[in-house]
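Only one structure is covered here, and it is reproduced in the block below.
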Amino acid sequence: MRGLVCLLFICHASLAQNLVVNGGFEQYYKCPGSFTNNSTGEIAPGWTSPSTGTPDMFHMCSTGEAGVPTNWAGYSKAYIGSGYAGIYCYLLRADKEYREYLQTELTSPLEPGGEYLVEFYFKLSSNSKYSIDRIGFLLSDSNYLMAGDGMFPVPATYERINRTIYSKATGLWTRFGYTHMAKGGEKYLTIGNFSNSSKTRSQYITNSQGTEPMLARAAYFFIDEVKVIKVGGGAPPVLTGYPELKTDETYVLKNIQFKYNDFALLDQSFPELKKLVEVLRYHKTWKVVVSGHTDDIGSDTFNNELSILRAGSVADYLINAGIEPTRIKTMGFGKQTPLVKGTDETSRATNRRVELRFLN
């Protein structure tokens, strides 16, 4: 059963929209020839450097030192496709903390309360003489433009920290996966090492065959297949006219219509009732009190019965939509509690209503 659940999750994620443009680094402005020294910050379509550091692009189209699988940083096929990016995540220097970061703008901001899978694949380049224990990402509502090439000015949203700094698996493509609960408005993703050298654990690789001078004191990571995918949650659903629902407050359920002197729901009631179902599905611990009210026409006995039946019609709709009956209570007040005084049709239409009160 656990395997089936994981399979369903993976299938759902694979069908969802990726909010990252060019997440596999297949597209390029110009086929890379060697390591990047572009000071404009542009790396590939959809990707920039937030600092003066110069992340690199590698692609099978290259006939120079930025090819795939062989390039100046080592040997590696792409995880998928023909390209990937590369960044310095650690450089042992006495004078500064040199770092490189990849930054991209998402195609749409994250929704409040939404659950998003942040996923990418990384591996240590084979020419790196050092390995480190971490890599992370930041989701932010604005982009960053750093004046230098040092540490990122804010901490990571999440860092993957490996217990083992170096092993045979370090040189293999490794999946980074983290489910982020969105605050709302996050629109930029940044990838790199957000920790300084004293916090980052490093290890010299004694059996490394790498001879690239630029990587003699560095841990350099290849990055491929970056994704940000919504996998659940989202902004709480709302009823018409109420931007934020709360417990222990009374709401008039708008657009709920019945036949005259009847309790059968009219078709125009269903869109609002569908929203009510979503509210109760989202707030799984909430219960709801549904109360019916009538206008002043007719006897007390008739109106009391009619108001209970109308509340019951709403309750039946919720139950048929899968809401547990134990979460629903119905009440009828007839014509006892009008919202407005008056015997004209506008006043009477206002008083013919169904009210909700959510409890937690």
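Identifiers for the structure tokens are assigned positionally: chains receive A, B, ... in sequence, residues are indexed from 1 per chain, and ligands are indexed from 1 in the order shown.
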request  = Write out as a PyMOL selection string each polymer residue whose atoms come within 8 Å of range 196-212 of chain A, counting only C-alpha atoms; drop sequence neighbours fewer than 2 positions from it.
outcome  = chain A and resi 72-74+90+92+97+126-134+151+165-166+194+214-216
Grab the residues selected above and save them as a compact mmCIF listing (two decimals), in the first residue's frame with N, CA and C atoms.
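Saved to part.txt:
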```
# COMPACT_ATOMS: atom_id res chain seq x y z
N TRP A 72 35.12 21.06 -18.46
CA TRP A 72 36.25 21.46 -17.63
C TRP A 72 36.04 21.09 -16.15
N ALA A 73 34.76 20.92 -15.73
CA ALA A 73 34.48 20.60 -14.33
C ALA A 73 34.45 19.10 -14.05
N GLY A 74 34.48 18.29 -15.11
CA GLY A 74 34.47 16.85 -14.90
C GLY A 74 33.76 16.12 -16.02
N TYR A 90 31.24 25.83 -2.57
CA TYR A 90 32.26 25.95 -1.52
C TYR A 90 33.59 26.25 -2.19
N LEU A 92 37.57 27.14 -0.71
CA LEU A 92 38.42 27.34 0.46
C LEU A 92 39.38 28.49 0.19
N GLU A 97 34.29 34.40 1.40
CA GLU A 97 33.37 33.27 1.23
C GLU A 97 32.79 33.35 -0.18
N SER A 126 33.22 15.72 -10.88
CA SER A 126 34.32 14.78 -10.66
C SER A 126 35.68 15.46 -10.56
N ASN A 127 35.80 16.71 -10.98
CA ASN A 127 37.07 17.44 -10.84
C ASN A 127 37.18 18.22 -9.53
N SER A 128 36.13 18.18 -8.72
CA SER A 128 36.18 18.87 -7.43
C SER A 128 37.11 18.12 -6.48
N LYS A 129 37.93 18.86 -5.76
CA LYS A 129 38.85 18.25 -4.79
C LYS A 129 38.27 18.22 -3.38
N TYR A 130 37.13 18.90 -3.21
CA TYR A 130 36.45 18.89 -1.91
C TYR A 130 34.99 18.48 -2.08
N SER A 131 34.45 17.88 -1.04
CA SER A 131 33.02 17.60 -0.96
C SER A 131 32.47 18.29 0.28
N ILE A 132 31.20 18.69 0.22
CA ILE A 132 30.56 19.32 1.38
C ILE A 132 29.27 18.58 1.72
N ASP A 133 28.71 18.96 2.85
CA ASP A 133 27.57 18.20 3.37
C ASP A 133 26.21 18.81 3.07
N ARG A 134 26.15 19.92 2.29
CA ARG A 134 24.85 20.59 2.19
C ARG A 134 24.64 21.34 0.89
N MET A 151 28.50 35.33 0.46
CA MET A 151 27.36 34.64 1.03
C MET A 151 26.04 35.34 0.70
N ILE A 165 29.72 13.19 4.43
CA ILE A 165 30.16 14.27 3.55
C ILE A 165 30.55 13.73 2.17
N TYR A 166 31.20 12.59 2.16
CA TYR A 166 31.66 12.05 0.88
C TYR A 166 31.53 10.54 0.87
N PHE A 194 23.84 28.17 1.39
CA PHE A 194 23.54 29.39 2.13
C PHE A 194 24.29 29.45 3.47
N MET A 214 41.04 25.49 -11.00
CA MET A 214 39.97 26.28 -10.40
C MET A 214 39.15 25.47 -9.38
N LEU A 215 39.29 24.14 -9.42
CA LEU A 215 38.52 23.30 -8.50
C LEU A 215 39.41 22.62 -7.46
N ALA A 216 40.66 23.07 -7.37
CA ALA A 216 41.60 22.43 -6.46
C ALA A 216 41.24 22.65 -4.99
```
key: Residue list (alpha helix (DSSP H), DSSP) for range 144-319 of chain A, as a ChimeraX atom specification   = /A:270-282,300-319
Ser82 in chain A: which residues within 9 Å, counting only C-alpha atoms, same-chain residues fewer than 2 positions away excluded, as a CSV table (one decimal) with C-alpha atoms, in the first residue's frame?
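Saved the output as result24.csv:
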```csv
chain,number,residue,atom,x,y,z
A,24,GLY,CA,16.4,21.2,-17.3
A,25,PHE,CA,18.7,23.8,-18.8
A,26,GLU,CA,17.9,22.5,-22.3
A,58,PHE,CA,26.9,22.9,-19.9
A,59,HIS,CA,25.3,21.4,-23.0
A,60,MET,CA,25.9,18.7,-25.6
A,61,CYS,CA,26.0,21.4,-28.3
A,68,VAL,CA,28.1,17.2,-21.9
A,69,PRO,CA,29.3,14.7,-20.8
A,77,LYS,CA,25.8,13.0,-18.5
A,78,ALA,CA,22.8,15.1,-17.9
A,79,TYR,CA,20.2,13.6,-15.5
A,80,ILE,CA,17.7,14.1,-18.3
A,84,TYR,CA,22.7,21.2,-16.9
```
message = From the options A:Ile308, A:Leu102, A:Val340, A:Ala94, which residue's atoms come nearest to His293 in chain A, counting only C-alpha atoms?
response = A:Ile308
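For Gly334 in chain A, the residues within 7 Å (counting only C-alpha atoms, excluding itself and residues fewer than 2 positions away along the chain) are Gly292, His293, Thr294, Asp300, Asn303, Asn304, Ser307, Gly332 and Gln336 of chain A.
Between CA of Asp224 in chain A and CA of Ser62 in chain A the interatomic distance comes to 17.1 Å.
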message = Going by DSSP on the backbone, which residues of range 21-100 of chain A come out as strand (DSSP E)? List them as a list in words.
response = Glu42, Ile43, Ala44, Trp47, Thr48, Asp56, Met57, Phe58, His59, Thr70, Asn71, Gly74, Tyr75, Gly83, Tyr84, Ala85, Gly86, Ile87, Tyr88, Cys89, Tyr90 and Leu91 of chain A
message = Which residues are close to Leu124 in chain A, i.e. within 9 Å by only C-alpha atoms, leaving aside same-chain residues fewer than 6 positions away? Reply as a ChimeraX atom specification.
response = /A:130-132,170-173,219-222
Residue subset to file, keeping C-alpha atoms, as a PDB file, in the first residue's frame:
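And here's selection-v6.pdb as it stands now:
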```pdb
ATOM      1  CA  TYR A 130      36.455  18.893  -1.911  1.00  0.00           C
ATOM      2  CA  SER A 131      33.023  17.601  -0.964  1.00  0.00           C
ATOM      3  CA  ILE A 132      30.561  19.318   1.379  1.00  0.00           C
ATOM      4  CA  THR A 170      28.382  11.710  -3.919  1.00  0.00           C
ATOM      5  CA  GLY A 171      29.370  11.559  -7.570  1.00  0.00           C
ATOM      6  CA  LEU A 172      25.947  10.323  -8.677  1.00  0.00           C
ATOM      7  CA  TRP A 173      22.882  12.359  -9.465  1.00  0.00           C
ATOM      8  CA  ALA A 219      33.190  21.801  -4.163  1.00  0.00           C
ATOM      9  CA  TYR A 220      31.406  22.387  -7.450  1.00  0.00           C
ATOM     10  CA  PHE A 221      27.904  20.998  -8.038  1.00  0.00           C
ATOM     11  CA  PHE A 222      26.056  20.203 -11.230  1.00  0.00           C
TER      12      PHE A 222
END
```
query = Of the residues A:Val288, A:Asn255, A:Cys89, A:Thr190, which is the one nearest to Tyr144 in chain A, using only C-alpha atoms?
reply = A:Thr190
